[in-house]
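Student: One structure is given below, represented as structure tokens, and several questions about it will come after.
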Amino acid sequence: MGKYFGTDGFRGEGNVNLTSEHAYQIGKFIGWYYGARKDRKARIVIGKDTRRSSYMFEYAIVAGLTSTGADAYMLHVTTTPSVAYVTRVDNFDCGVMISASHNPFYDNGIKLINSRGEKMDDETIGAIEAYLDGNYAALGLEGDVPAATREALGEIVDYVSGRNRYVGYLISLAAHSYKNMRVGLDCANGSAWNIARTVFEALGAKTYVINAEPDGLNINRNAGSTHIDGLRRFVVENHLDVGFAYDGDADRCLAVDEKGDVVDGDKIIYIFAKQLKKEGRLRGNKVVTTIMSNFGLYKALDEEGIGYEKTAVGDRFVYESMAKNGYCVGGEQSGHIILSKYATTGDGILTSIELMEAILDNKQTLSRLAAPMTAYPQVLKNVRVSDKAAVRENEHVQKAVREVGERLGDAGRVLLRESGTEPVIRVMAEAKDLRTAEQCVSEMIEAMKAEGLA
């Protein structure tokens, strides 16, 4: 991670540590980087979520792009995966999504997507960061990037047609009619507020929608995949067959079955893996998870004879493993699911379509499809420490971790993980019962305290 950009773009509070000046400078640089320095006009596509500040950042980026000669194609309010799709399919040099995903409305972010629809590479991010710091020499420049003038100025193009084609693409992926299905959608007052309803109604579902009235301030507020209890009640009260909850930029999806129980990302991965194996389409007979996936997922996959890879936390690492090894499904517990046959990023609406397909293919309820995977109780505690490396290297602590893990055997697991942004060690245990998991976490924390590390 760099000075400004983390694993999911440049995030910050609007006009505090992410300003319109940052947005303008990023637009200026990438307009030049993809265009003027190659003696041609760059074509860059931009989308945004429903935050009030997204409009400010959108206009600032567009001003920067056009000032250095790039043509800016505006999708307006749309989802992150739609920007990735349009960038890839319509041969743009770069895509920009303005969103802070599941964060509150006052945060925002600038995500950059390469021409293949993937998260931007570290080398390009490094060049942007050098430019933001005024380190022109590192970029081989004697001063600021040159401004375009006269006919060399970039154009601004309304590109709603690109968003509409993405909607058409999603609809085309469904093999079934959803005519007799009662479907609930929680759009988090975010990017999916209009697209999700359009897709499900086009497929014939009886569609019930909540949190689809964005006002710039209510994105993710007691809504969407991070606040799923509202959808759980809504599904039960309205006797729905299934419910889907998205986050602010709709790259995540969590599901709710007909009983009101949550079907999280781990259970979704299990359902997809089993379905793909049945159809002979599970490449490498493996799925990709992160180290935070539930132990119950691995037990259920073992039962089905399906293998798995474990990556560091973050959808970027999941995608990298999938791309490197040719795997077709991977994701996170949070509902960030990647289906590489159809998309290069997590896509919440795509995930919900494929879950609908599994329900209808198998003629089973979602609760039945998810039932073979039993999530193990998980206890996770954040412990503030003065030196994360010292914890990692302390033999007494590591011995305690090994002993707890050996005692659990194949009936659970333990994990110590360093926070990437804080002086914190995350201590986690999963076991068949909550009391055992709590005891395991307590023992590991006590070992850290005994060494004066916590």
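The chains in the structure tokens are called A, B, ... from first to last as shown; in each chain the residues are counted from 1, and the ligands are counted from 1 in the order shown.
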Can you pull out every residue within 6 Å of Ser99 of chain A, counting only C-alpha atoms, but drop anything in the same chain fewer than 2 positions away, and send it as a list in words?
Tutor: Asp49, Ser101, Asn108 and Gly109 of chain A
Student: Neighbours of segment 228-237 of chain A within 9 Å (only C-alpha atoms; same-chain residues fewer than 6 positions away dropped), as a list in words?
Tutor: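 Those residues are Val183, Gly184, Leu185, Asp186, Ile210, Asn222, Gly243, Phe244, Ala245, Leu254, Ala255, Val256, Asp257, Glu258, Lys259, Gly260, Asp261 and Val262 of chain A.
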Student: Out of A:Tyr33, A:Ile291, A:Leu18, A:Cys328, which residue has the shortest atom-to-atom distance to Arg417 of chain A when counting only C-alpha atoms?
Tutor: A:Ile291
Student: If you run DSSP on the backbone, which residues of segment 162-344 of chain A are helix (DSSP H, G or I), as a ChimeraX atom specification?
Tutor: /A:162-172,195-202,224-226,229-237,265-278,283-285,295-304,315-325
Student: Which residues, written as a list in words, have at least one atom at most 12 Å from Asn135 of chain A, with only C-alpha atoms counted and residues fewer than 6 positions away on the same chain left out?
Tutor: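 Listed by chain and then number, they are Gly126, Ala127, Ile128, Glu129, Leu141, Glu142, Gly143, Asp144 and Val145 of chain A.
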Student: Deliver the residues from the most recent selection as a file, using N, CA and C atoms, as a compact mmCIF listing (two decimals), in the first residue's frame.
Tutor:
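The result, stored in again_0.txt:
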```
# COMPACT_ATOMS: atom_id res chain seq x y z
N GLY A 126 2.04 3.86 -8.24
CA GLY A 126 3.26 4.52 -7.76
C GLY A 126 3.54 5.80 -8.53
N ALA A 127 3.32 5.79 -9.85
CA ALA A 127 3.54 6.99 -10.66
C ALA A 127 2.55 8.09 -10.27
N ILE A 128 1.29 7.72 -10.02
CA ILE A 128 0.29 8.70 -9.61
C ILE A 128 0.67 9.31 -8.26
N GLU A 129 1.11 8.48 -7.34
CA GLU A 129 1.50 8.98 -6.01
C GLU A 129 2.69 9.93 -6.11
N LEU A 141 9.90 14.10 -15.71
CA LEU A 141 9.35 15.39 -16.09
C LEU A 141 10.17 16.53 -15.48
N GLU A 142 10.27 17.61 -16.20
CA GLU A 142 10.97 18.79 -15.67
C GLU A 142 10.03 19.66 -14.86
N GLY A 143 8.75 19.53 -15.10
CA GLY A 143 7.75 20.30 -14.36
C GLY A 143 6.42 19.59 -14.45
N ASP A 144 5.36 20.32 -14.26
CA ASP A 144 4.02 19.73 -14.29
C ASP A 144 3.72 19.17 -15.68
N VAL A 145 2.74 18.26 -15.74
CA VAL A 145 2.35 17.70 -17.04
C VAL A 145 1.79 18.83 -17.90
```
Student: Between atom CA of Leu301 of chain A and atom CA of Lys381 of chain A, measure the distance and give it in Å to one decimal.
Tutor: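 Computing the Euclidean distance for atom CA of Leu301 of chain A and atom CA of Lys381 of chain A yields 26.7 Å.
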Student: Just want the 12 Å neighbourhood of Glu303 of chain A, counted on only C-alpha atoms, with same-chain residues fewer than 2 positions away dropped. Output as a list of chain:residue names.
Tutor: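 Skipping anything fewer than 2 positions along the chain leaves A:Tyr270, A:Lys274, A:Gly296, A:Leu297, A:Tyr298, A:Lys299, A:Ala300, A:Leu301, A:Gly305, A:Ile306, A:Gly307, A:Pro372, A:Met373, A:Thr374.
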Student: Go ahead and save the picked residues with N, CA, C and O atoms, as an mmCIF file, in the first residue's frame.
Tutor:
```
data_model
loop_
_atom_site.group_PDB
_atom_site.id
_atom_site.type_symbol
_atom_site.label_atom_id
_atom_site.label_comp_id
_atom_site.auth_asym_id
_atom_site.auth_seq_id
_atom_site.Cartn_x
_atom_site.Cartn_y
_atom_site.Cartn_z
ATOM 1 N N TYR A 270 -19.556 -21.892 -1.254
ATOM 2 C CA TYR A 270 -19.853 -23.325 -1.173
ATOM 3 C C TYR A 270 -20.915 -23.725 -2.204
ATOM 4 O O TYR A 270 -20.759 -24.708 -2.939
ATOM 5 N N LYS A 274 -20.098 -26.206 -5.426
ATOM 6 C CA LYS A 274 -20.828 -27.476 -5.575
ATOM 7 C C LYS A 274 -21.565 -27.515 -6.915
ATOM 8 O O LYS A 274 -21.556 -28.538 -7.618
ATOM 9 N N GLY A 296 -15.884 -23.902 8.864
ATOM 10 C CA GLY A 296 -16.989 -24.727 8.379
ATOM 11 C C GLY A 296 -17.023 -24.825 6.861
ATOM 12 O O GLY A 296 -17.471 -25.851 6.311
ATOM 13 N N LEU A 297 -16.564 -23.782 6.159
ATOM 14 C CA LEU A 297 -16.507 -23.833 4.699
ATOM 15 C C LEU A 297 -15.541 -24.922 4.253
ATOM 16 O O LEU A 297 -15.851 -25.715 3.353
ATOM 17 N N TYR A 298 -14.369 -24.964 4.896
ATOM 18 C CA TYR A 298 -13.364 -25.957 4.502
ATOM 19 C C TYR A 298 -13.839 -27.380 4.792
ATOM 20 O O TYR A 298 -13.608 -28.299 4.005
ATOM 21 N N LYS A 299 -14.522 -27.550 5.915
ATOM 22 C CA LYS A 299 -15.059 -28.878 6.241
ATOM 23 C C LYS A 299 -16.090 -29.310 5.189
ATOM 24 O O LYS A 299 -16.096 -30.457 4.743
ATOM 25 N N ALA A 300 -16.953 -28.375 4.787
ATOM 26 C CA ALA A 300 -17.990 -28.687 3.799
ATOM 27 C C ALA A 300 -17.378 -28.974 2.430
ATOM 28 O O ALA A 300 -17.832 -29.879 1.713
ATOM 29 N N LEU A 301 -16.340 -28.191 2.050
ATOM 30 C CA LEU A 301 -15.665 -28.435 0.772
ATOM 31 C C LEU A 301 -14.956 -29.791 0.788
ATOM 32 O O LEU A 301 -14.963 -30.521 -0.217
ATOM 33 N N GLY A 305 -15.179 -33.089 -1.727
ATOM 34 C CA GLY A 305 -13.974 -33.387 -2.505
ATOM 35 C C GLY A 305 -13.500 -32.214 -3.335
ATOM 36 O O GLY A 305 -12.920 -32.376 -4.409
ATOM 37 N N ILE A 306 -13.745 -31.009 -2.824
ATOM 38 C CA ILE A 306 -13.334 -29.783 -3.521
ATOM 39 C C ILE A 306 -12.166 -29.145 -2.768
ATOM 40 O O ILE A 306 -12.203 -28.989 -1.549
ATOM 41 N N GLY A 307 -11.123 -28.771 -3.506
ATOM 42 C CA GLY A 307 -9.947 -28.150 -2.897
ATOM 43 C C GLY A 307 -10.099 -26.650 -2.765
ATOM 44 O O GLY A 307 -11.075 -26.053 -3.237
ATOM 45 N N PRO A 372 -25.780 -27.854 3.971
ATOM 46 C CA PRO A 372 -24.642 -28.739 4.267
ATOM 47 C C PRO A 372 -23.432 -28.035 4.865
ATOM 48 O O PRO A 372 -22.573 -28.688 5.465
ATOM 49 N N MET A 373 -23.348 -26.716 4.702
ATOM 50 C CA MET A 373 -22.238 -25.986 5.324
ATOM 51 C C MET A 373 -22.678 -25.408 6.659
ATOM 52 O O MET A 373 -23.566 -24.566 6.724
ATOM 53 N N THR A 374 -22.066 -25.871 7.730
ATOM 54 C CA THR A 374 -22.349 -25.356 9.065
ATOM 55 C C THR A 374 -21.209 -24.442 9.492
ATOM 56 O O THR A 374 -20.066 -24.885 9.611
#
```
Student: Point out the residue among A:Thr78, A:Met448, A:Phe29, A:Tyr24 with the least atom-to-atom distance to Glu58 of chain A, counting only C-alpha atoms.
Tutor: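 Ranked by minimum distance to Glu58 of chain A, first place goes to A:Tyr24.
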Student: At a cut-off of 9 Å, can you tabulate as CSV every residue of segment 61-140 of chain A near segment 346-354 of chain A together with its closest atom pair and the distance in Å to one decimal, using only C-alpha atoms and ordering rows by chain then number?
Tutor:
```
residue,atom,partner,partner_atom,distance
A:Thr79,CA,A:Asp347,CA,8.5
A:Thr80,CA,A:Asp347,CA,7.8
A:Pro81,CA,A:Asp347,CA,5.5
A:Ser82,CA,A:Asp347,CA,8.3
```
Student: Just to be explicit: take each residue in the selection above, keep N, CA, C and O atoms, and write the result as an mmCIF file, in the first residue's frame.
Tutor:
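Contents of selection27.cif, freshly written:
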```cif
data_model
loop_
_atom_site.group_PDB
_atom_site.id
_atom_site.type_symbol
_atom_site.label_atom_id
_atom_site.label_comp_id
_atom_site.auth_asym_id
_atom_site.auth_seq_id
_atom_site.Cartn_x
_atom_site.Cartn_y
_atom_site.Cartn_z
ATOM 1 N N THR A 79 -22.522 1.015 -10.714
ATOM 2 C CA THR A 79 -21.802 0.134 -9.795
ATOM 3 C C THR A 79 -20.332 0.000 -10.178
ATOM 4 O O THR A 79 -19.963 0.203 -11.341
ATOM 5 N N THR A 80 -19.512 -0.365 -9.207
ATOM 6 C CA THR A 80 -18.094 -0.621 -9.509
ATOM 7 C C THR A 80 -17.925 -1.686 -10.586
ATOM 8 O O THR A 80 -17.169 -1.493 -11.542
ATOM 9 N N PRO A 81 -18.613 -2.851 -10.465
ATOM 10 C CA PRO A 81 -18.417 -3.864 -11.513
ATOM 11 C C PRO A 81 -18.864 -3.417 -12.893
ATOM 12 O O PRO A 81 -18.330 -3.883 -13.904
ATOM 13 N N SER A 82 -19.821 -2.485 -12.971
ATOM 14 C CA SER A 82 -20.224 -2.000 -14.292
ATOM 15 C C SER A 82 -19.105 -1.173 -14.928
ATOM 16 O O SER A 82 -18.903 -1.236 -16.146
#
```
Student: What's around Arg40 of chain A at 12 Å? Count only C-alpha atoms, leave out sequence neighbours fewer than 4 positions away in its own chain, and write the answer as a short mmCIF file (atom, residue, chain, number, x, y, z; two decimals) with C-alpha atoms, in the first residue's frame.
Tutor:
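As a result, out_10.cif now contains:
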```cif
data_model
loop_
_atom_site.label_atom_id
_atom_site.label_comp_id
_atom_site.auth_asym_id
_atom_site.auth_seq_id
_atom_site.Cartn_x
_atom_site.Cartn_y
_atom_site.Cartn_z
CA GLY A 31 -5.21 12.02 -18.78
CA TRP A 32 -1.60 12.73 -19.68
CA TYR A 33 -0.27 9.28 -18.72
CA TYR A 34 -2.65 7.40 -21.01
CA GLY A 35 -2.79 9.98 -23.77
CA ALA A 36 -0.48 12.93 -24.30
CA THR A 68 -4.60 17.23 -20.39
CA GLY A 69 -6.43 16.12 -23.51
CA ALA A 70 -8.29 12.99 -22.44
CA ASP A 71 -11.87 12.30 -23.45
CA ASP A 93 -7.58 3.03 -21.41
CA ALA A 148 -3.91 20.77 -23.60
CA ALA A 152 -6.43 19.23 -28.14
CA LEU A 153 -8.68 19.71 -25.09
CA GLY A 154 -10.60 16.60 -24.13
#
```
Student: Going by DSSP on the backbone, which residues of segment 117-253 of chain A come out as strand (DSSP E)? List them as a count of residues only.
Tutor: 19
Student: What separation in Å, quoted to one decimal, exists between atom CA of Val263 of chain A and atom CA of Ser442 of chain A?
Tutor: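 Distance between the two atoms: 28.7 Å.
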Student: Mind giving me the straight-line distance from atom CA of Gly335 of chain A to atom CA of Asn238 of chain A in Å, one decimal?
Tutor: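 Those two atoms sit 23.7 Å apart.
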Student: Show me, as a list in words, the residues that have an atom within 10 Å of Val157 of chain A when counting only C-alpha atoms, minus same-chain residues fewer than 5 positions from it.
Tutor: Val45, Asp71, Ala72, Tyr73, Met74 and Leu75 of chain A
Student: How about saving the chosen residues, N, CA and C atoms kept, as an mmCIF file, in the first residue's frame?
Tutor:
```
data_model
loop_
_atom_site.group_PDB
_atom_site.id
_atom_site.type_symbol
_atom_site.label_atom_id
_atom_site.label_comp_id
_atom_site.auth_asym_id
_atom_site.auth_seq_id
_atom_site.Cartn_x
_atom_site.Cartn_y
_atom_site.Cartn_z
ATOM 1 N N VAL A 45 -13.305 6.195 -18.739
ATOM 2 C CA VAL A 45 -14.711 6.123 -18.359
ATOM 3 C C VAL A 45 -14.839 6.265 -16.848
ATOM 4 N N ASP A 71 -10.429 12.283 -23.326
ATOM 5 C CA ASP A 71 -11.875 12.303 -23.451
ATOM 6 C C ASP A 71 -12.479 11.544 -22.271
ATOM 7 N N ALA A 72 -13.442 12.174 -21.597
ATOM 8 C CA ALA A 72 -14.052 11.611 -20.387
ATOM 9 C C ALA A 72 -15.461 11.126 -20.710
ATOM 10 N N TYR A 73 -15.706 9.849 -20.476
ATOM 11 C CA TYR A 73 -17.003 9.229 -20.746
ATOM 12 C C TYR A 73 -17.695 8.992 -19.407
ATOM 13 N N MET A 74 -18.856 9.600 -19.209
ATOM 14 C CA MET A 74 -19.506 9.618 -17.900
ATOM 15 C C MET A 74 -20.675 8.629 -17.847
ATOM 16 N N LEU A 75 -20.550 7.632 -16.961
ATOM 17 C CA LEU A 75 -21.613 6.663 -16.734
ATOM 18 C C LEU A 75 -22.625 7.164 -15.707
#
```
Student: For a quick check of understanding, using only C-alpha atoms, which of A:Ala343, A:Leu434, A:Ala389, A:Ala63 has the smallest distance to Val83 of chain A?
Tutor: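 Residue with the minimum atom-to-atom distance to Val83 of chain A: A:Ala343.
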Student: Using only C-alpha atoms, which of A:Thr87, A:Thr19, A:Asn285, A:Thr290 sits nearest Gly47 of chain A?
Tutor: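 For Gly47 of chain A, the nearest of the given residues is A:Thr87.
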